[in-house]
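Single-structure report; data block below.
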Amino acid sequence: MVFRRRDRRPLWRVLLELLWPRGGWGRAAQYVRHRVRRLPDTPEKISRGIWAGVFTTFCPFYGLHFFIAAGIAMIMRGNILAALMATFFGNPLTYVPIAWASLTTGHWLLGTRMDSALLDAPRGRDFCGIGCQFNNAFNDLWHNFMAIFTDERMDWHGLADFYREVFYPYLIGGILPGIFTATIAYYLSVPVIKAYQNRRRKRLRDKLAQLKNPADGG
């Protein structure tokens, strides 16, 4: 009871702040970066965790990114908390370019045609963009669930199209740009975290020296 929020937020506000944090994603990114740098671990281990988290954002299993990032970090012997925080690399501001890079690469590797899957621009009656694909897949899930309790026949065409046009190319195509981006994040993080930790240790040594020799400080 003591630690409960005094101003209980309504559900709509909680959901809104998941999409757009208070202060914006820029401020959220600064907070995450600050927390990552202060983790009590070696720069290399923290950066391996960052690699795992950034790589995971290119995975199409939305809702499971925390678990996937933690698993990859454990395999790489990286910092798990750093991996969880690094998944914030995937957010409403970056998911569109991440999806575009993953789908483009996936269709290229599979030798298929994307047909501008990220856009719902009209291209005739047969064209179905990514929004349409998600809608058809959801409709199939709902229809097939209700079919369990009714005489309706199950239909998997929408889900099959979604798997073939979006999910599988995304899954395959996210590997290369994910490795590329995560590796850049790793090599940028190591020197930054190392420099921050060195400065912090120096400040602590200076404070300890002042406590031992108070006369020198005056």
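Residue numbering restarts at 1 for every chain of the structure tokens, chains are lettered A, B, ... in their displayed order, and ligands are numbered from 1 as they appear.
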(Q) Residues near His157 in chain A, anyone? I mean within 12 Å using only C-alpha atoms, not counting same-chain ones fewer than 4 positions away, as a PyMOL selection string. (A) chain A and resi 133+136-141+143-144+161-165
Q) Which polymer residues have any atom within 8 Å of an atom of range 75-89 of chain A, counting only C-alpha atoms, with same-chain residues fewer than 4 positions away left out, as number ranges by chain? A) A: 29, 32, 36, 39, 41, 44-54, 56-57, 65-66, 69-71, 94
Writing out the chosen residues with N, CA and C atoms as an mmCIF file, in the first residue's frame:
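Result written to result.cif:
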```cif
data_model
loop_
_atom_site.group_PDB
_atom_site.id
_atom_site.type_symbol
_atom_site.label_atom_id
_atom_site.label_comp_id
_atom_site.auth_asym_id
_atom_site.auth_seq_id
_atom_site.Cartn_x
_atom_site.Cartn_y
_atom_site.Cartn_z
ATOM 1 N N ALA A 29 15.310 6.960 -24.531
ATOM 2 C CA ALA A 29 16.581 6.407 -25.001
ATOM 3 C C ALA A 29 17.739 6.898 -24.130
ATOM 4 N N VAL A 32 17.673 4.884 -20.890
ATOM 5 C CA VAL A 32 18.179 3.527 -21.088
ATOM 6 C C VAL A 32 19.694 3.546 -21.237
ATOM 7 N N VAL A 36 22.307 1.613 -18.817
ATOM 8 C CA VAL A 36 23.205 0.596 -19.359
ATOM 9 C C VAL A 36 24.646 0.884 -18.952
ATOM 10 N N LEU A 39 25.687 -0.250 -15.398
ATOM 11 C CA LEU A 39 25.590 -1.652 -15.009
ATOM 12 C C LEU A 39 26.921 -2.138 -14.442
ATOM 13 N N ASP A 41 29.274 -4.420 -14.597
ATOM 14 C CA ASP A 41 29.825 -5.532 -15.367
ATOM 15 C C ASP A 41 30.903 -4.996 -16.294
ATOM 16 N N GLU A 44 32.780 -5.353 -22.192
ATOM 17 C CA GLU A 44 32.565 -6.375 -23.217
ATOM 18 C C GLU A 44 31.298 -7.190 -22.934
ATOM 19 N N LYS A 45 31.079 -7.538 -21.678
ATOM 20 C CA LYS A 45 29.898 -8.336 -21.340
ATOM 21 C C LYS A 45 28.619 -7.519 -21.505
ATOM 22 N N ILE A 46 28.661 -6.262 -21.099
ATOM 23 C CA ILE A 46 27.500 -5.382 -21.288
ATOM 24 C C ILE A 46 27.219 -5.213 -22.773
ATOM 25 N N SER A 47 28.259 -5.037 -23.568
ATOM 26 C CA SER A 47 28.089 -4.831 -25.006
ATOM 27 C C SER A 47 27.586 -6.083 -25.696
ATOM 28 N N ARG A 48 27.962 -7.254 -25.192
ATOM 29 C CA ARG A 48 27.388 -8.486 -25.749
ATOM 30 C C ARG A 48 25.891 -8.553 -25.463
ATOM 31 N N GLY A 49 25.495 -8.077 -24.300
ATOM 32 C CA GLY A 49 24.066 -7.990 -24.004
ATOM 33 C C GLY A 49 23.357 -7.024 -24.935
ATOM 34 N N ILE A 50 24.003 -5.879 -25.205
ATOM 35 C CA ILE A 50 23.435 -4.911 -26.141
ATOM 36 C C ILE A 50 23.301 -5.539 -27.524
ATOM 37 N N TRP A 51 24.299 -6.304 -27.947
ATOM 38 C CA TRP A 51 24.236 -6.997 -29.234
ATOM 39 C C TRP A 51 22.989 -7.885 -29.289
ATOM 40 N N ALA A 52 22.771 -8.646 -28.226
ATOM 41 C CA ALA A 52 21.623 -9.556 -28.194
ATOM 42 C C ALA A 52 20.303 -8.795 -28.275
ATOM 43 N N GLY A 53 20.201 -7.685 -27.543
ATOM 44 C CA GLY A 53 18.957 -6.926 -27.544
ATOM 45 C C GLY A 53 18.669 -6.271 -28.873
ATOM 46 N N VAL A 54 19.687 -5.655 -29.487
ATOM 47 C CA VAL A 54 19.487 -4.999 -30.779
ATOM 48 C C VAL A 54 19.160 -6.023 -31.859
ATOM 49 N N THR A 56 17.667 -8.818 -31.520
ATOM 50 C CA THR A 56 16.322 -9.354 -31.297
ATOM 51 C C THR A 56 15.243 -8.460 -31.884
ATOM 52 N N THR A 57 15.493 -7.152 -31.982
ATOM 53 C CA THR A 57 14.471 -6.252 -32.509
ATOM 54 C C THR A 57 14.185 -6.519 -33.984
ATOM 55 N N HIS A 65 10.244 -10.512 -27.375
ATOM 56 C CA HIS A 65 11.593 -9.986 -27.543
ATOM 57 C C HIS A 65 12.411 -10.057 -26.257
ATOM 58 N N PHE A 66 11.791 -9.802 -25.102
ATOM 59 C CA PHE A 66 12.526 -9.875 -23.841
ATOM 60 C C PHE A 66 13.099 -11.276 -23.630
ATOM 61 N N ALA A 69 15.866 -12.068 -26.289
ATOM 62 C CA ALA A 69 17.091 -11.321 -26.000
ATOM 63 C C ALA A 69 17.811 -11.912 -24.793
ATOM 64 N N ALA A 70 17.064 -12.279 -23.755
ATOM 65 C CA ALA A 70 17.688 -12.875 -22.566
ATOM 66 C C ALA A 70 18.335 -14.210 -22.914
ATOM 67 N N GLY A 71 17.670 -15.015 -23.755
ATOM 68 C CA GLY A 71 18.236 -16.301 -24.148
ATOM 69 C C GLY A 71 19.519 -16.142 -24.950
ATOM 70 N N THR A 94 11.357 3.228 -34.936
ATOM 71 C CA THR A 94 12.315 2.422 -35.702
ATOM 72 C C THR A 94 11.724 1.171 -36.322
#
```
**Q.** Interatomic distance (Å, one decimal) between CA of Cys59 in chain A and CA of Met114 in chain A
**A.**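 CA of Met114 in chain A lies at a distance of 17.9 Å from CA of Cys59 in chain A.
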Q | DSSP-assigned alpha helix (DSSP H) members of range 27-218 of chain A, reported as number ranges by chain | A | A: 27-37, 43-56, 65-76, 80-86, 95-110, 130-147, 157-162, 168-173, 175-212, 214-217
Q) Can you tell me how far CA of Thr104 in chain A sits from CA of Gly174 in chain A, in Å to one decimal? A)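 Between CA of Thr104 in chain A and CA of Gly174 in chain A the gap works out to 9.2 Å.
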Q. Pick the closest to Gly173 in chain A from A:Ala160, A:Ile72, A:Leu103, A:Val96: which is it, counting only C-alpha atoms?
A. A:Leu103
Q: Provide the CA of Leu171 in chain A to CA of Phe67 in chain A distance in Å, to one decimal place.
A: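 About the pair CA of Leu171 in chain A and CA of Phe67 in chain A: they are 16.5 Å apart.
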Pro43 in chain A: which residues within 9 Å, counting only C-alpha atoms, same-chain residues fewer than 3 positions away excluded, as a compact mmCIF listing (two decimals) with N, CA and C atoms, in the first residue's frame?
```txt
# COMPACT_ATOMS: atom_id res chain seq x y z
N ARG A 37 25.06 2.14 -19.05
CA ARG A 37 26.44 2.50 -18.73
C ARG A 37 26.78 2.25 -17.26
N ILE A 46 28.66 -6.26 -21.10
CA ILE A 46 27.50 -5.38 -21.29
C ILE A 46 27.22 -5.21 -22.77
N SER A 47 28.26 -5.04 -23.57
CA SER A 47 28.09 -4.83 -25.01
C SER A 47 27.59 -6.08 -25.70
N ARG A 48 27.96 -7.25 -25.19
CA ARG A 48 27.39 -8.49 -25.75
C ARG A 48 25.89 -8.55 -25.46
N SER A 189 29.58 0.51 -28.40
CA SER A 189 29.31 0.49 -26.96
C SER A 189 30.55 0.22 -26.13
N VAL A 190 31.42 -0.67 -26.59
CA VAL A 190 32.58 -1.06 -25.77
C VAL A 190 33.42 0.15 -25.36
N PRO A 191 33.91 0.99 -26.30
CA PRO A 191 34.75 2.12 -25.86
C PRO A 191 33.98 3.16 -25.05
N VAL A 192 32.68 3.36 -25.36
CA VAL A 192 31.90 4.35 -24.62
C VAL A 192 31.71 3.90 -23.17
N ILE A 193 31.36 2.64 -22.97
CA ILE A 193 31.15 2.12 -21.61
C ILE A 193 32.47 2.07 -20.86
N LYS A 194 33.55 1.69 -21.56
CA LYS A 194 34.86 1.63 -20.92
C LYS A 194 35.30 3.02 -20.45
N GLN A 197 33.18 4.05 -17.41
CA GLN A 197 33.58 3.36 -16.18
C GLN A 197 34.91 3.87 -15.66
```
Q) Of the candidates A:Leu188, A:Ile179, A:Leu204, A:Ile172, which shows the shortest atom-to-atom distance to Leu110 in chain A, using only C-alpha atoms? A)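 Among the listed residues, the smallest separation from Leu110 in chain A belongs to A:Ile172.
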